[in-house]
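Below is one structure, written out as C-alpha cells; the observations come after it.
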Amino acid sequence: MAEEKWSDERLEDFVRALTPRAVRGSAQAAAPVEKREGLSDAFEGKMLHPSLDNADNIVTLGFRYRTKSLKEERVFFVETGGVAQIVTEDSFTVRNREYCYETKGALMPLEERWGVQEAKAFIESYSESRTEIRAAQRNLVDRVVAHVQKYIGFENDCDAYILAAWIIGTYFHRGFNAYPFLHIKAPKGSGKSQCLTLLTKLCFNAVKARPSLPAFGDTVDALRGTYLIDQADSLHRKGSEELLDVLADSYKTSGGKRRVMDMEKGRKVLEIETYAPKAFASIKELPEDLRDRCFVLPLIKSSKPFSEPDDPSIDWRAWRGEFYKALFTQHLLVPIEHSKRKSEYVRSGEVVGRNLELWLPLETMLACFGGADKIEEVKRRFLAQYGFAEYEPNELEAEVIRTLLSIIGASESIWTSPADVASGIDSFAFRSDHSDSKQRAADVGWAIKKFNLASKSKRGSGGKSYLFRREVIENVQASYFHNDPASPTPPDSDASIEPKNDLHDSGVGDMQF
C-alpha cells in the first residue's frame, strides 16, 4: 500500500482533535504547529560541569568572581594541548566541537580560593612557565608531608604520606574510577576536628558539613568538592539509612546520579551526583557499609604544640594554587600513570579487587609528585589499615556458620529453621538483653539474610525454614572468616547485629573563545 501523505490542513485538524476541549479556545491552541525534522536541533557538543571537569584531553576549573560593578559572574580556566585560556562565556569551541557549561549552584569564590591576580598571572604565563612548574612539582608530596605534620600528630610516619597523596588526589579524582574514603578515627581531644579543618584548607572545594542529603548535594553535586563530615558517629542514628545508602556507592564513578527525597523541602525529589572524595571523623567505627571503602587514619594525642590551621598568617591560597597548577600541567600524565600501574597489578596479582581500586589513586599521586621511593612502605601501611577497616563478622555470626556446618554434617544440604539453629548456639553469643527464643531466632535470621546463607525458603506449620547447602556455607566461611571464624567482637558492642522486625518474612592553535 502506498504511503499516504497528509496535507498541512489535515495534520492541524488531527492535532486539534487530540487537544482537550478546555484548551482549544486558549491562546495555546491558536499557536501554529511547529514543523521541523525530528531531532534536527539536538545539541551535538559536550556538557561540562562548571566546577571541575576533564574530557577529550581538556581540563577546566570554574569559579565565581565579583566585577567592578559588584555583579557576580562565572569564570572558567581551560587547558588543552599546552594552551591555557580564560573563558567568561558559558561555552567554548575546541577542534570544531562545542563545549557548554551546565547550570549548577554557586561556584567557589576565586578571590578566596586562589586569588584573581594569581590565577590570571598563571594563565597568561602558562606556555612559558609550564616546564618550570612541572619541575617544582617533583617534590610536592614531600612538601605537603612536611606541612601537614605541623598540624597533626600521626601514629605512623607513613600516614602523613597517605594523607598528602589523598589531599593532592582530590584535585585529580575525576580521572579515577574510584577514590578511597578517609576515616579519621581517634578519641576526644586527639585532633580530629583540627584535621578536618586542615583538609578544608587544602583539598579541592572542601566543605565541612553535617551529614545530610542537602549538604551532600550542595558539596558533591554542585561543587564536585571534598565532603568532610565531623562527628560521623551520628551516622549510626536512626534516620540515616538513606544517606548511608547513597554514601556507600559514592566512592566509585559508577555510583552515578541518585534520585533522593529531600524531606526538608517538602518531599522534593533531588537528582544528585554522588562521586567525590569524602572524609569522616569519629570516635567509633563507621557503619559497616562504609568501613571497607575507607583508609583509617588514627590520630594520637600529643603533648607537642601544633599550629592552628585557622591562623590568618598562613597563605592557604598559595597552597591551593600549587594544586591547581599541578592539575593543569599533569592532567594528562596522571590517568596514563594510573592505567599503567593498574595493568602491572593485574598481571602480577599482588593487589586485587577493592584493595587495588582504593590504593591505586594514592600510588599514582606518589609516583607523579615525588613520592615514588615511599610507595612500597606506604602501601604496606595502607593495606594493613584497610584490613583494619574491613568489616569483621561478630561472635554470633561466626557461631551461626559453625552451627550450620555442624547440622549439615556429612550431607550436601539440609532444611532447617532459624529457631533450630539458635537452639544450638551458646547463650554467650547473643546480646545480653536477647534471652527470648523468638528474639534469638530473629538474630539468627538476620545473619542468614545478611550473608545470603540460604539457597531456598519455605513456610510450613512450624514457621519459615531454609535450605542450606554445604558449598555455600563453606564459601562464606572462606570469604568472611579468614582465619578463625570467631571474631573477638563482643556481642554487646556497637557491631552487634540489630535485627529488624520483619526478618522472618523477609590541539594548540584551534581553541576559540
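Residue numbering restarts at 1 in every chain; chains get A, B, ... in the order shown in the C-alpha cells, and ligands count up from 1 in that same order.
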Counting only C-alpha atoms, what is within 10 Å of Asn54 of chain A, bar same-chain residues fewer than 2 positions away, as a compact mmCIF listing (two decimals) with N, CA and C atoms, in the first residue's frame?
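Output below, filename around05.txt:
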# COMPACT_ATOMS: atom_id res chain seq x y z
N LEU A 48 29.71 20.27 30.21
CA LEU A 48 30.77 20.19 31.21
C LEU A 48 30.25 20.68 32.57
N HIS A 49 30.77 20.07 33.62
CA HIS A 49 30.44 20.54 34.95
C HIS A 49 31.19 21.86 35.19
N LEU A 52 34.52 21.55 37.97
CA LEU A 52 35.69 20.75 37.57
C LEU A 52 35.26 19.72 36.57
N ASP A 56 38.09 14.74 26.72
CA ASP A 56 38.73 14.98 25.42
C ASP A 56 40.07 15.71 25.58
N ASN A 57 40.86 15.33 26.58
CA ASN A 57 42.17 15.94 26.86
C ASN A 57 42.05 17.42 27.24
N ILE A 58 40.91 17.80 27.77
CA ILE A 58 40.66 19.16 28.24
C ILE A 58 40.42 19.10 29.75
N VAL A 59 40.99 20.04 30.48
CA VAL A 59 40.65 20.19 31.89
C VAL A 59 40.13 21.61 32.09
N THR A 60 39.11 21.74 32.92
CA THR A 60 38.50 23.05 33.15
C THR A 60 38.14 23.22 34.61
N LEU A 61 38.42 24.42 35.15
CA LEU A 61 38.11 24.80 36.52
C LEU A 61 37.19 26.02 36.49
N VAL A 78 40.68 27.03 31.29
CA VAL A 78 40.66 25.84 30.43
C VAL A 78 42.06 25.57 29.90
N GLU A 79 42.47 24.30 29.93
CA GLU A 79 43.76 23.90 29.38
C GLU A 79 43.58 22.72 28.44
N THR A 80 44.18 22.83 27.27
CA THR A 80 44.23 21.69 26.33
C THR A 80 45.35 21.93 25.35
N PHE A 172 42.46 15.50 41.38
CA PHE A 172 42.53 14.63 40.20
C PHE A 172 41.48 13.52 40.24
N ARG A 174 38.54 13.07 39.31
CA ARG A 174 37.71 12.80 38.13
C ARG A 174 38.41 11.87 37.15
N GLY A 175 39.72 11.70 37.29
CA GLY A 175 40.46 10.81 36.40
C GLY A 175 40.54 9.38 36.89
N HIS A 331 47.32 16.90 34.12
CA HIS A 331 46.03 16.21 33.98
C HIS A 331 46.05 15.11 32.93
N LEU A 332 47.02 15.13 32.02
CA LEU A 332 47.15 14.05 31.05
C LEU A 332 48.06 12.94 31.57
For segment 443-458 of chain A, list every protein, DNA or RNA residue within 6 Å, evaluated using only C-alpha atoms, and leave out those in the same chain fewer than 5 positions away; present the list as number ranges by chain. A: 397, 418, 464-468, 499
Per-residue DSSP, segment 45-188 of chain A, filtered to strand (DSSP E or B), as number ranges by chain: A: 46-48, 52-55, 58-66, 72-80, 83-87, 91-94, 97-101, 109, 154, 178, 181-185
For the alpha helix (DSSP H) assignment from backbone DSSP, which residues of segment 72-301 of chain A qualify? Please present them as a VMD selection string. chain A and resid 110 to 113 116 to 124 126 to 136 140 to 148 157 to 169 192 to 202 213 to 216 222 to 223 241 to 249 288 to 291
Pick out the residues sitting within 9 Å of Glu98 of chain A, and hand them over as a PyMOL selection string; count only C-alpha atoms, and ignore anything fewer than 3 positions along from it in its own chain. chain A and resi 44-47+91-95
Take the residues that were just selected and, keeping C-alpha atoms, output them as a short mmCIF file (atom, residue, chain, number, x, y, z; two decimals), in the first residue's frame.
data_model
loop_
_atom_site.label_atom_id
_atom_site.label_comp_id
_atom_site.auth_asym_id
_atom_site.auth_seq_id
_atom_site.Cartn_x
_atom_site.Cartn_y
_atom_site.Cartn_z
CA GLU A 44 25.89 17.55 19.46
CA GLY A 45 28.57 19.11 21.66
CA LYS A 46 29.50 18.16 25.22
CA MET A 47 28.19 19.45 28.52
CA SER A 91 30.59 27.84 26.08
CA PHE A 92 33.76 27.49 24.02
CA THR A 93 34.91 25.55 20.96
CA VAL A 94 37.92 23.27 20.58
CA ARG A 95 38.70 21.39 17.38
#
List as number ranges by chain the protein and nucleic acid residues near Ile86 of chain A, meaning an atom at most 9 Å away when only C-alpha atoms are counted, but skip any in the same chain fewer than 3 places from it. A: 75-78, 120, 123-124, 513
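Comparing A:Gly371, A:Gly189, A:Pro109, A:Gly353 by their smallest distance to Lys301 of chain A, the closest is A:Gly189 (using only C-alpha atoms).
Across the structure, atom CA of Gly463 of chain A and atom CA of Asn475 of chain A are spaced 27.1 Å apart.
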Proximity to His183 of chain A - best of A:Lys208, A:Arg293, A:Arg130, A:Arg459, only C-alpha atoms: A:Arg293
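Between atom CA of Ser432 of chain A and atom CA of Pro287 of chain A lies a distance of 21.7 Å.
Residue neighbourhood of Lys104 of chain A, excluding near-sequence residues (fewer than 6 positions): A:His49, A:Pro50, A:Ser51, A:Asp218, A:Asp221, A:Ala222, A:Leu223, at 10 Å, using only C-alpha atoms.
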For the residues in that selection, give me N, CA and C atoms as a PDB file, in the first residue's frame.
ATOM      1  N   HIS A  49      30.768  20.067  33.622  1.00  0.00           N
ATOM      2  CA  HIS A  49      30.438  20.541  34.954  1.00  0.00           C
ATOM      3  C   HIS A  49      31.187  21.858  35.193  1.00  0.00           C
ATOM      4  N   PRO A  50      30.540  22.860  35.743  1.00  0.00           N
ATOM      5  CA  PRO A  50      31.188  24.172  35.869  1.00  0.00           C
ATOM      6  C   PRO A  50      32.317  24.235  36.890  1.00  0.00           C
ATOM      7  N   SER A  51      32.312  23.388  37.905  1.00  0.00           N
ATOM      8  CA  SER A  51      33.362  23.455  38.926  1.00  0.00           C
ATOM      9  C   SER A  51      34.645  22.772  38.496  1.00  0.00           C
ATOM     10  N   ASP A 218      24.827  19.912  47.950  1.00  0.00           N
ATOM     11  CA  ASP A 218      25.468  21.211  47.789  1.00  0.00           C
ATOM     12  C   ASP A 218      26.969  21.078  47.565  1.00  0.00           C
ATOM     13  N   ASP A 221      27.407  17.477  44.367  1.00  0.00           N
ATOM     14  CA  ASP A 221      26.761  17.692  43.079  1.00  0.00           C
ATOM     15  C   ASP A 221      27.086  19.068  42.500  1.00  0.00           C
ATOM     16  N   ALA A 222      26.998  20.113  43.312  1.00  0.00           N
ATOM     17  CA  ALA A 222      27.196  21.471  42.809  1.00  0.00           C
ATOM     18  C   ALA A 222      28.664  21.833  42.643  1.00  0.00           C
ATOM     19  N   LEU A 223      29.546  21.325  43.519  1.00  0.00           N
ATOM     20  CA  LEU A 223      30.946  21.743  43.520  1.00  0.00           C
ATOM     21  C   LEU A 223      31.922  20.651  43.130  1.00  0.00           C
TER      22      LEU A 223
END
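Each of A:Ala55, A:Val296, A:Leu366, A:Ala326 was checked against Arg134 of chain A using only C-alpha atoms; the smallest atom-to-atom distance is that of A:Ala326.
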For Glu73 of chain A: contacts at 9 Å, only C-alpha atoms, fewer than 6 positions along chain excluded, given as a compact mmCIF listing (two decimals) with C-alpha atoms, in the first residue's frame:
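And here's around.txt as it stands now:
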# COMPACT_ATOMS: atom_id res chain seq x y z
CA PHE A 63 34.90 29.94 39.97
CA ARG A 64 32.74 32.97 40.66
CA TYR A 65 34.14 36.47 40.97
CA ARG A 66 32.81 39.96 41.63
CA THR A 67 33.06 42.55 38.87
CA THR A 88 33.98 34.18 30.60
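Residues lying within 7 Å of segment 176-181 of chain A, counting only C-alpha atoms and ignoring same-chain neighbours fewer than 3 positions away, are His173, Tyr251, Lys252, Thr253, Pro277, Lys278, Ala279, Arg293, Cys294, Phe295, Glu357, Leu358 and Pro361 of chain A.
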